[in-house]
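Here is the file coords.pdb (PDB, C-alpha atoms).
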```
ATOM      1  CA  MET Y   1       8.806  -3.363 -15.973  1.00  0.00           C
ATOM      2  CA  ASN Y   2       9.013   0.423 -16.157  1.00  0.00           C
ATOM      3  CA  PHE Y   3       6.032   2.657 -16.957  1.00  0.00           C
ATOM      4  CA  GLU Y   4       6.776   2.952 -20.684  1.00  0.00           C
ATOM      5  CA  GLU Y   5       7.056  -0.831 -21.011  1.00  0.00           C
ATOM      6  CA  LEU Y   6       3.779  -1.225 -19.124  1.00  0.00           C
ATOM      7  CA  LEU Y   7       1.996   1.200 -21.457  1.00  0.00           C
ATOM      8  CA  ALA Y   8       3.429  -0.567 -24.499  1.00  0.00           C
ATOM      9  CA  GLN Y   9       2.258  -3.945 -23.191  1.00  0.00           C
ATOM     10  CA  LEU Y  10      -1.271  -2.746 -22.368  1.00  0.00           C
ATOM     11  CA  GLY Y  11      -1.748  -0.563 -25.447  1.00  0.00           C
ATOM     12  CA  THR Y  12      -5.258   0.860 -25.553  1.00  0.00           C
ATOM     13  CA  GLN Y  13      -6.573  -1.773 -23.124  1.00  0.00           C
ATOM     14  CA  TYR Y  14      -5.398   0.028 -19.966  1.00  0.00           C
ATOM     15  CA  GLU Y  15      -8.754   1.212 -18.603  1.00  0.00           C
ATOM     16  CA  ASP Y  16     -10.041  -0.637 -15.519  1.00  0.00           C
ATOM     17  CA  VAL Y  17      -6.925  -2.854 -15.400  1.00  0.00           C
ATOM     18  CA  ILE Y  18      -5.707  -3.240 -11.816  1.00  0.00           C
ATOM     19  CA  LEU Y  19      -1.929  -2.882 -11.618  1.00  0.00           C
ATOM     20  CA  TYR Y  20       0.669  -2.921  -8.887  1.00  0.00           C
ATOM     21  CA  SER Y  21       3.704  -0.709  -8.447  1.00  0.00           C
ATOM     22  CA  VAL Y  22       6.709  -1.389  -6.253  1.00  0.00           C
ATOM     23  CA  GLU Y  23       8.455   1.698  -4.920  1.00  0.00           C
ATOM     24  CA  ASP Y  24      11.948   1.483  -3.490  1.00  0.00           C
ATOM     25  CA  ARG Y  25      12.501   4.908  -1.919  1.00  0.00           C
ATOM     26  CA  ASP Y  26      15.669   6.228  -0.317  1.00  0.00           C
ATOM     27  CA  MET Y  27      14.245   8.425   2.453  1.00  0.00           C
ATOM     28  CA  THR Y  28      17.441  10.502   2.725  1.00  0.00           C
ATOM     29  CA  ASN Y  29      16.998  12.043  -0.740  1.00  0.00           C
ATOM     30  CA  HIS Y  30      13.605  10.647  -1.836  1.00  0.00           C
ATOM     31  CA  GLU Y  31      15.049   9.052  -4.955  1.00  0.00           C
ATOM     32  CA  THR Y  32      12.611   6.332  -5.915  1.00  0.00           C
ATOM     33  CA  ALA Y  33      12.894   3.357  -8.231  1.00  0.00           C
ATOM     34  CA  ILE Y  34       9.462   2.186  -9.425  1.00  0.00           C
ATOM     35  CA  GLN Y  35       8.561  -1.087 -11.110  1.00  0.00           C
ATOM     36  CA  TYR Y  36       5.103  -2.093 -12.356  1.00  0.00           C
ATOM     37  CA  TYR Y  37       3.424  -5.490 -12.314  1.00  0.00           C
ATOM     38  CA  LEU Y  38       0.167  -6.952 -13.561  1.00  0.00           C
ATOM     39  CA  GLU Y  39      -0.010  -9.476 -10.711  1.00  0.00           C
ATOM     40  CA  LYS Y  40      -0.118  -8.672  -6.991  1.00  0.00           C
ATOM     41  CA  ASP Y  41       1.932 -11.750  -6.045  1.00  0.00           C
ATOM     42  CA  GLU Y  42       4.752 -10.702  -8.385  1.00  0.00           C
ATOM     43  CA  ALA Y  43       4.797  -7.188  -6.930  1.00  0.00           C
ATOM     44  CA  ILE Y  44       4.874  -8.483  -3.364  1.00  0.00           C
ATOM     45  CA  ALA Y  45       7.650 -10.947  -4.215  1.00  0.00           C
ATOM     46  CA  CYS Y  46       9.669  -8.095  -5.755  1.00  0.00           C
ATOM     47  CA  ALA Y  47       9.171  -5.880  -2.673  1.00  0.00           C
ATOM     48  CA  GLU Y  48      10.114  -8.716  -0.342  1.00  0.00           C
ATOM     49  CA  SER Y  49      13.256  -9.493  -2.330  1.00  0.00           C
ATOM     50  CA  ILE Y  50      14.308  -5.827  -2.228  1.00  0.00           C
ATOM     51  CA  TRP Y  51      13.669  -5.666   1.532  1.00  0.00           C
ATOM     52  CA  ALA Y  52      15.579  -8.910   2.117  1.00  0.00           C
ATOM     53  CA  THR Y  53      18.713  -7.459   0.505  1.00  0.00           C
ATOM     54  CA  LEU Y  54      18.791  -4.447   2.847  1.00  0.00           C
ATOM     55  CA  ASN Y  55      20.884  -4.546   6.007  1.00  0.00           C
ATOM     56  CA  ARG Y  56      19.500  -3.282   9.330  1.00  0.00           C
ATOM     57  CA  GLU Y  57      20.911   0.230   8.911  1.00  0.00           C
ATOM     58  CA  ASP Y  58      19.586   0.618   5.358  1.00  0.00           C
ATOM     59  CA  ARG Y  59      16.118  -0.444   6.500  1.00  0.00           C
ATOM     60  CA  ASP Y  60      15.963   2.636   8.714  1.00  0.00           C
ATOM     61  CA  TYR Y  61      16.386   4.873   5.662  1.00  0.00           C
ATOM     62  CA  ARG Y  62      14.456   3.011   2.991  1.00  0.00           C
ATOM     63  CA  GLU Y  63      10.788   2.525   2.287  1.00  0.00           C
ATOM     64  CA  VAL Y  64       9.695  -0.341   0.083  1.00  0.00           C
ATOM     65  CA  SER Y  65       6.001  -0.295  -0.705  1.00  0.00           C
ATOM     66  CA  VAL Y  66       3.463  -1.816  -3.059  1.00  0.00           C
ATOM     67  CA  HIS Y  67       0.581   0.207  -4.479  1.00  0.00           C
ATOM     68  CA  ARG Y  68      -2.588  -1.062  -6.134  1.00  0.00           C
ATOM     69  CA  GLY Y  69      -3.751   1.283  -8.857  1.00  0.00           C
ATOM     70  CA  GLN Y  70      -4.816   2.003 -12.408  1.00  0.00           C
ATOM     71  CA  ILE Y  71      -3.588   3.978 -15.378  1.00  0.00           C
ATOM     72  CA  GLU Y  72      -5.361   7.229 -16.147  1.00  0.00           C
ATOM     73  CA  TYR Y  73      -5.019   9.271 -19.323  1.00  0.00           C
ATOM     74  CA  ASN Y  74      -5.139  13.081 -19.154  1.00  0.00           C
ATOM     75  CA  PRO Y  75      -6.032  14.401 -22.633  1.00  0.00           C
ATOM     76  CA  GLN Y  76      -5.239  18.003 -21.646  1.00  0.00           C
ATOM     77  CA  PHE Y  77      -1.553  17.144 -21.233  1.00  0.00           C
ATOM     78  CA  ASP Y  78      -1.569  14.057 -23.505  1.00  0.00           C
ATOM     79  CA  ARG Y  79      -0.041  12.072 -20.655  1.00  0.00           C
ATOM     80  CA  TYR Y  80      -0.663   8.820 -18.806  1.00  0.00           C
ATOM     81  CA  ARG Y  81      -0.159   8.396 -15.076  1.00  0.00           C
ATOM     82  CA  PHE Y  82      -0.468   5.696 -12.462  1.00  0.00           C
ATOM     83  CA  VAL Y  83      -3.242   6.507  -9.975  1.00  0.00           C
ATOM     84  CA  VAL Y  84      -2.899   4.898  -6.548  1.00  0.00           C
ATOM     85  CA  LEU Y  85      -6.067   3.246  -5.247  1.00  0.00           C
ATOM     86  CA  GLN Y  86      -4.530   1.621  -2.180  1.00  0.00           C
ATOM     87  CA  LYS Y  87      -1.088   1.513  -0.614  1.00  0.00           C
ATOM     88  CA  HIS Y  88       0.279  -1.723   0.806  1.00  0.00           C
ATOM     89  CA  TYR Y  89       3.356  -1.050   2.900  1.00  0.00           C
ATOM     90  CA  LYS Y  90       5.270  -4.273   2.414  1.00  0.00           C
ATOM     91  CA  ALA Y  91       8.395  -3.517   4.417  1.00  0.00           C
ATOM     92  CA  TYR Y  92       6.309  -4.304   7.465  1.00  0.00           C
ATOM     93  CA  LYS Y  93       3.659  -6.250   5.528  1.00  0.00           C
ATOM     94  CA  LYS Y  94       0.876  -3.960   6.640  1.00  0.00           C
ATOM     95  CA  ILE Y  95      -1.881  -2.108   4.835  1.00  0.00           C
ATOM     96  CA  TYR Y  96      -2.538   1.550   5.609  1.00  0.00           C
ATOM     97  CA  VAL Y  97      -6.088   2.205   6.801  1.00  0.00           C
ATOM     98  CA  CYS Y  98      -8.009   5.175   8.177  1.00  0.00           C
ATOM     99  CA  GLU Y  99      -8.864   5.492  11.875  1.00  0.00           C
ATOM    100  CA  ASP Y 100     -12.594   4.802  11.269  1.00  0.00           C
ATOM    101  CA  PHE Y 101     -11.798   1.503   9.580  1.00  0.00           C
ATOM    102  CA  ALA Y 102      -9.376   0.605  12.405  1.00  0.00           C
ATOM    103  CA  LYS Y 103     -12.020   1.193  15.086  1.00  0.00           C
ATOM    104  CA  ALA Y 104     -14.642  -0.805  13.188  1.00  0.00           C
ATOM    105  CA  TYR Y 105     -12.245  -3.687  12.534  1.00  0.00           C
ATOM    106  CA  ARG Y 106     -11.119  -3.900  16.158  1.00  0.00           C
ATOM    107  CA  ALA Y 107     -14.743  -3.780  17.373  1.00  0.00           C
ATOM    108  CA  GLN Y 108     -15.670  -6.587  14.980  1.00  0.00           C
ATOM    109  CA  ARG Y 109     -12.723  -8.733  16.099  1.00  0.00           C
ATOM    110  CA  GLN Y 110     -13.482  -7.991  19.771  1.00  0.00           C
ATOM    111  CA  ALA Y 111     -17.065  -9.182  19.304  1.00  0.00           C
ATOM    112  CA  PHE Y 112     -15.780 -12.304  17.538  1.00  0.00           C
ATOM    113  CA  HIS Y 113     -13.405 -13.147  20.390  1.00  0.00           C
ATOM    114  CA  MET Y 114     -16.025 -12.458  23.059  1.00  0.00           C
ATOM    115  CA  ALA Y 115     -18.450 -14.756  21.223  1.00  0.00           C
ATOM    116  CA  ALA Y 116     -15.744 -17.424  21.397  1.00  0.00           C
ATOM    117  CA  GLY Y 117     -15.740 -17.107  25.199  1.00  0.00           C
ATOM    118  CA  MET Y 118     -12.967 -14.598  25.937  1.00  0.00           C
ATOM    119  CA  SER Y 119     -13.316 -11.976  28.620  1.00  0.00           C
ATOM    120  CA  GLU Y 120     -13.819  -8.401  27.392  1.00  0.00           C
ATOM    121  CA  GLU Y 121     -10.296  -7.404  28.425  1.00  0.00           C
ATOM    122  CA  ASP Y 122      -8.689 -10.377  26.653  1.00  0.00           C
ATOM    123  CA  ALA Y 123     -10.897  -9.873  23.592  1.00  0.00           C
ATOM    124  CA  ILE Y 124      -9.751  -6.230  23.320  1.00  0.00           C
ATOM    125  CA  LYS Y 125      -6.108  -7.314  23.494  1.00  0.00           C
ATOM    126  CA  GLU Y 126      -6.627 -10.067  20.927  1.00  0.00           C
ATOM    127  CA  ALA Y 127      -8.533  -7.735  18.582  1.00  0.00           C
ATOM    128  CA  LYS Y 128      -5.640  -5.278  18.776  1.00  0.00           C
ATOM    129  CA  LYS Y 129      -3.192  -8.088  17.919  1.00  0.00           C
ATOM    130  CA  ASP Y 130      -5.383  -9.133  14.970  1.00  0.00           C
ATOM    131  CA  PHE Y 131      -5.409  -5.566  13.684  1.00  0.00           C
ATOM    132  CA  ASN Y 132      -1.674  -4.997  14.155  1.00  0.00           C
ATOM    133  CA  ALA Y 133      -0.841  -8.184  12.252  1.00  0.00           C
ATOM    134  CA  ILE Y 134      -2.401  -6.820   9.048  1.00  0.00           C
ATOM    135  CA  TYR Y 135      -2.981  -3.071   9.268  1.00  0.00           C
ATOM    136  CA  THR Y 136      -1.461   0.195  10.403  1.00  0.00           C
ATOM    137  CA  VAL Y 137      -3.313   3.507  10.822  1.00  0.00           C
ATOM    138  CA  GLN Y 138      -2.450   6.267   8.361  1.00  0.00           C
ATOM    139  CA  PRO Y 139      -3.162   9.746   9.739  1.00  0.00           C
ATOM    140  CA  VAL Y 140      -5.388  11.951   7.597  1.00  0.00           C
ATOM    141  CA  VAL Y 141      -3.329  13.651   4.918  1.00  0.00           C
ATOM    142  CA  LYS Y 142      -4.393  17.268   4.451  1.00  0.00           C
ATOM    143  CA  PHE Y 143      -2.281  18.205   1.411  1.00  0.00           C
ATOM    144  CA  GLY Y 144      -0.284  16.663  -1.402  1.00  0.00           C
ATOM    145  CA  MET Y 145      -1.168  13.907  -3.814  1.00  0.00           C
ATOM    146  CA  PHE Y 146      -2.818  11.777  -1.089  1.00  0.00           C
ATOM    147  CA  ALA Y 147      -4.972  14.607   0.338  1.00  0.00           C
ATOM    148  CA  GLY Y 148      -8.407  13.355   1.274  1.00  0.00           C
ATOM    149  CA  TYR Y 149      -7.456   9.794   0.394  1.00  0.00           C
ATOM    150  CA  ASP Y 150      -9.669   7.219   2.100  1.00  0.00           C
ATOM    151  CA  TYR Y 151      -7.419   4.532   3.528  1.00  0.00           C
ATOM    152  CA  ALA Y 152     -10.144   1.946   3.930  1.00  0.00           C
ATOM    153  CA  PRO Y 153      -9.569  -1.346   2.121  1.00  0.00           C
ATOM    154  CA  THR Y 154     -11.979  -2.445  -0.546  1.00  0.00           C
ATOM    155  CA  LEU Y 155     -13.719  -5.627   0.463  1.00  0.00           C
TER     156      LEU Y 155
END
```
Turn this file's structure into structure tokens for me.
Amino acid sequence: MNFEELLAQLGTQYEDVILYSVEDRDMTNHETAIQYYLEKDEAIACAESIWATLNREDRDYREVSVHRGQIEYNPQFDRYRFVVLQKHYKAYKKIYVCEDFAKAYRAQRQAFHMAAGMSEEDAIKEAKKDFNAIYTVQPVVKFGMFAGYDYAPTL
């Protein structure tokens, strides 16, 4: 549903409701189609269906992503907006995280693999594989709407 439909459905009960947006962005002109969902599984299914319809060439120029967020009301401008809490990049099925989280996660997975009997070298490689299967590192953004955003997942 679009943003107006979402607001109409939620009415005054929008605070603290976790929502999901699906962005289909054409990276050549940054035109973006956005759809909103109340359920994460529905948003992911939508993103996957969009991605599945793209041919190889189009995939190089499109970004399909899912964002977890909430609605915020700004009384000064009498306007509602969707505030991103976490970005899930579904085209590659990875979640953006900060470098600190990445280091901590890989260290935790390395320790896990070493406890299971792997050599240190193999445990490092396996921890890297574990990380790369789920996450990707987002460099620190210094300006724009994501400035200072902490890309660590909520657990």
Taking only C-alpha atoms into account, which of Y:Tyr105, Y:Tyr14, Y:Tyr96, Y:Tyr20 comes nearest Tyr37 (chain Y)?
->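 When distances to Tyr37 (chain Y) are compared using only C-alpha atoms, the smallest one comes from Y:Tyr20.
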Determine, counting all atoms listed in the file, every residue of protein, DNA or RNA that lies within 9 Å of (-2.0, 5.0, -18.5) in the file coordinates, then give the result as a PDB file with C-alpha atoms, in the coordinates of the input.
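That gives us point_4.pdb:
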```pdb
ATOM      1  CA  PHE Y   3       6.032   2.657 -16.957  1.00  0.00           C
ATOM      2  CA  LEU Y   6       3.779  -1.225 -19.124  1.00  0.00           C
ATOM      3  CA  LEU Y   7       1.996   1.200 -21.457  1.00  0.00           C
ATOM      4  CA  LEU Y  10      -1.271  -2.746 -22.368  1.00  0.00           C
ATOM      5  CA  GLY Y  11      -1.748  -0.563 -25.447  1.00  0.00           C
ATOM      6  CA  THR Y  12      -5.258   0.860 -25.553  1.00  0.00           C
ATOM      7  CA  TYR Y  14      -5.398   0.028 -19.966  1.00  0.00           C
ATOM      8  CA  GLU Y  15      -8.754   1.212 -18.603  1.00  0.00           C
ATOM      9  CA  GLN Y  70      -4.816   2.003 -12.408  1.00  0.00           C
ATOM     10  CA  ILE Y  71      -3.588   3.978 -15.378  1.00  0.00           C
ATOM     11  CA  GLU Y  72      -5.361   7.229 -16.147  1.00  0.00           C
ATOM     12  CA  TYR Y  73      -5.019   9.271 -19.323  1.00  0.00           C
ATOM     13  CA  ASN Y  74      -5.139  13.081 -19.154  1.00  0.00           C
ATOM     14  CA  ARG Y  79      -0.041  12.072 -20.655  1.00  0.00           C
ATOM     15  CA  TYR Y  80      -0.663   8.820 -18.806  1.00  0.00           C
ATOM     16  CA  ARG Y  81      -0.159   8.396 -15.076  1.00  0.00           C
ATOM     17  CA  PHE Y  82      -0.468   5.696 -12.462  1.00  0.00           C
ATOM     18  CA  VAL Y  83      -3.242   6.507  -9.975  1.00  0.00           C
TER      19      VAL Y  83
END
```
Polymer residues at most 12 Å from Lys103 (chain Y), all atoms listed in the file, same-chain spacing of 5 or more positions, as a PyMOL selection string | chain Y and resi 97-98+108-110+124+127-128+131+135-137+152
Take the PyMOL selection byres ((chain Y and resi 47-53) around 8), run it mentally on this structure, and tell me the resulting residues as an mmCIF file with C-alpha atoms, in the frame of the given file.
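And here is the file that came out, part-v6.cif:
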```
data_model
loop_
_atom_site.group_PDB
_atom_site.id
_atom_site.type_symbol
_atom_site.label_atom_id
_atom_site.label_comp_id
_atom_site.auth_asym_id
_atom_site.auth_seq_id
_atom_site.Cartn_x
_atom_site.Cartn_y
_atom_site.Cartn_z
ATOM 1 C CA VAL Y 22 6.709 -1.389 -6.253
ATOM 2 C CA GLU Y 23 8.455 1.698 -4.920
ATOM 3 C CA ASP Y 24 11.948 1.483 -3.490
ATOM 4 C CA ALA Y 43 4.797 -7.188 -6.930
ATOM 5 C CA ILE Y 44 4.874 -8.483 -3.364
ATOM 6 C CA ALA Y 45 7.650 -10.947 -4.215
ATOM 7 C CA CYS Y 46 9.669 -8.095 -5.755
ATOM 8 C CA LEU Y 54 18.791 -4.447 2.847
ATOM 9 C CA ASN Y 55 20.884 -4.546 6.007
ATOM 10 C CA ARG Y 59 16.118 -0.444 6.500
ATOM 11 C CA VAL Y 64 9.695 -0.341 0.083
ATOM 12 C CA SER Y 65 6.001 -0.295 -0.705
ATOM 13 C CA VAL Y 66 3.463 -1.816 -3.059
ATOM 14 C CA LYS Y 90 5.270 -4.273 2.414
ATOM 15 C CA ALA Y 91 8.395 -3.517 4.417
#
```
Point-to-point distance in Å for CA of Arg25 (chain Y) and CA of Asp130 (chain Y) |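 Rounded to one decimal, the two atoms are 28.3 Å apart.
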Which residue, Y:Ala115, Y:His67, Y:Tyr61, Y:Ala8, has the smallest gap to Asn29 (chain Y) when you use all atoms listed in the file?
->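 Closest to Asn29 (chain Y) of all the choices is Y:Tyr61.
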Point-to-point distance in Å for CA of Phe101 (chain Y) and CA of Gln35 (chain Y) =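 According to the coordinates, CA of Gln35 (chain Y) and CA of Phe101 (chain Y) are separated by 29.1 Å.
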Just how far from CA of Asp26 (chain Y) is CA of Asp58 (chain Y), in Å to one decimal?
->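 For CA of Asp58 (chain Y) relative to CA of Asp26 (chain Y), the distance reads 8.9 Å.
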Any idea what's packed within 9 Å of Arg68 (chain Y), counting only C-alpha atoms, ignoring anything in its chain fewer than 4 positions away? Could you give it as a tab-separated table (two decimals) with C-alpha atoms, in the coordinates of the input?
```
chain	number	residue	atom	x	y	z
Y	18	ILE	CA	-5.71	-3.24	-11.82
Y	19	LEU	CA	-1.93	-2.88	-11.62
Y	20	TYR	CA	0.67	-2.92	-8.89
Y	21	SER	CA	3.70	-0.71	-8.45
Y	40	LYS	CA	-0.12	-8.67	-6.99
Y	83	VAL	CA	-3.24	6.51	-9.98
Y	84	VAL	CA	-2.90	4.90	-6.55
Y	85	LEU	CA	-6.07	3.25	-5.25
Y	86	GLN	CA	-4.53	1.62	-2.18
Y	87	LYS	CA	-1.09	1.51	-0.61
Y	88	HIS	CA	0.28	-1.72	0.81
```
Nearest to Thr28 (chain Y) among Y:Glu42, Y:Lys125, Y:Glu63, Y:Glu4, with distances taken over all atoms listed in the file: which residue is it?
-> Y:Glu63
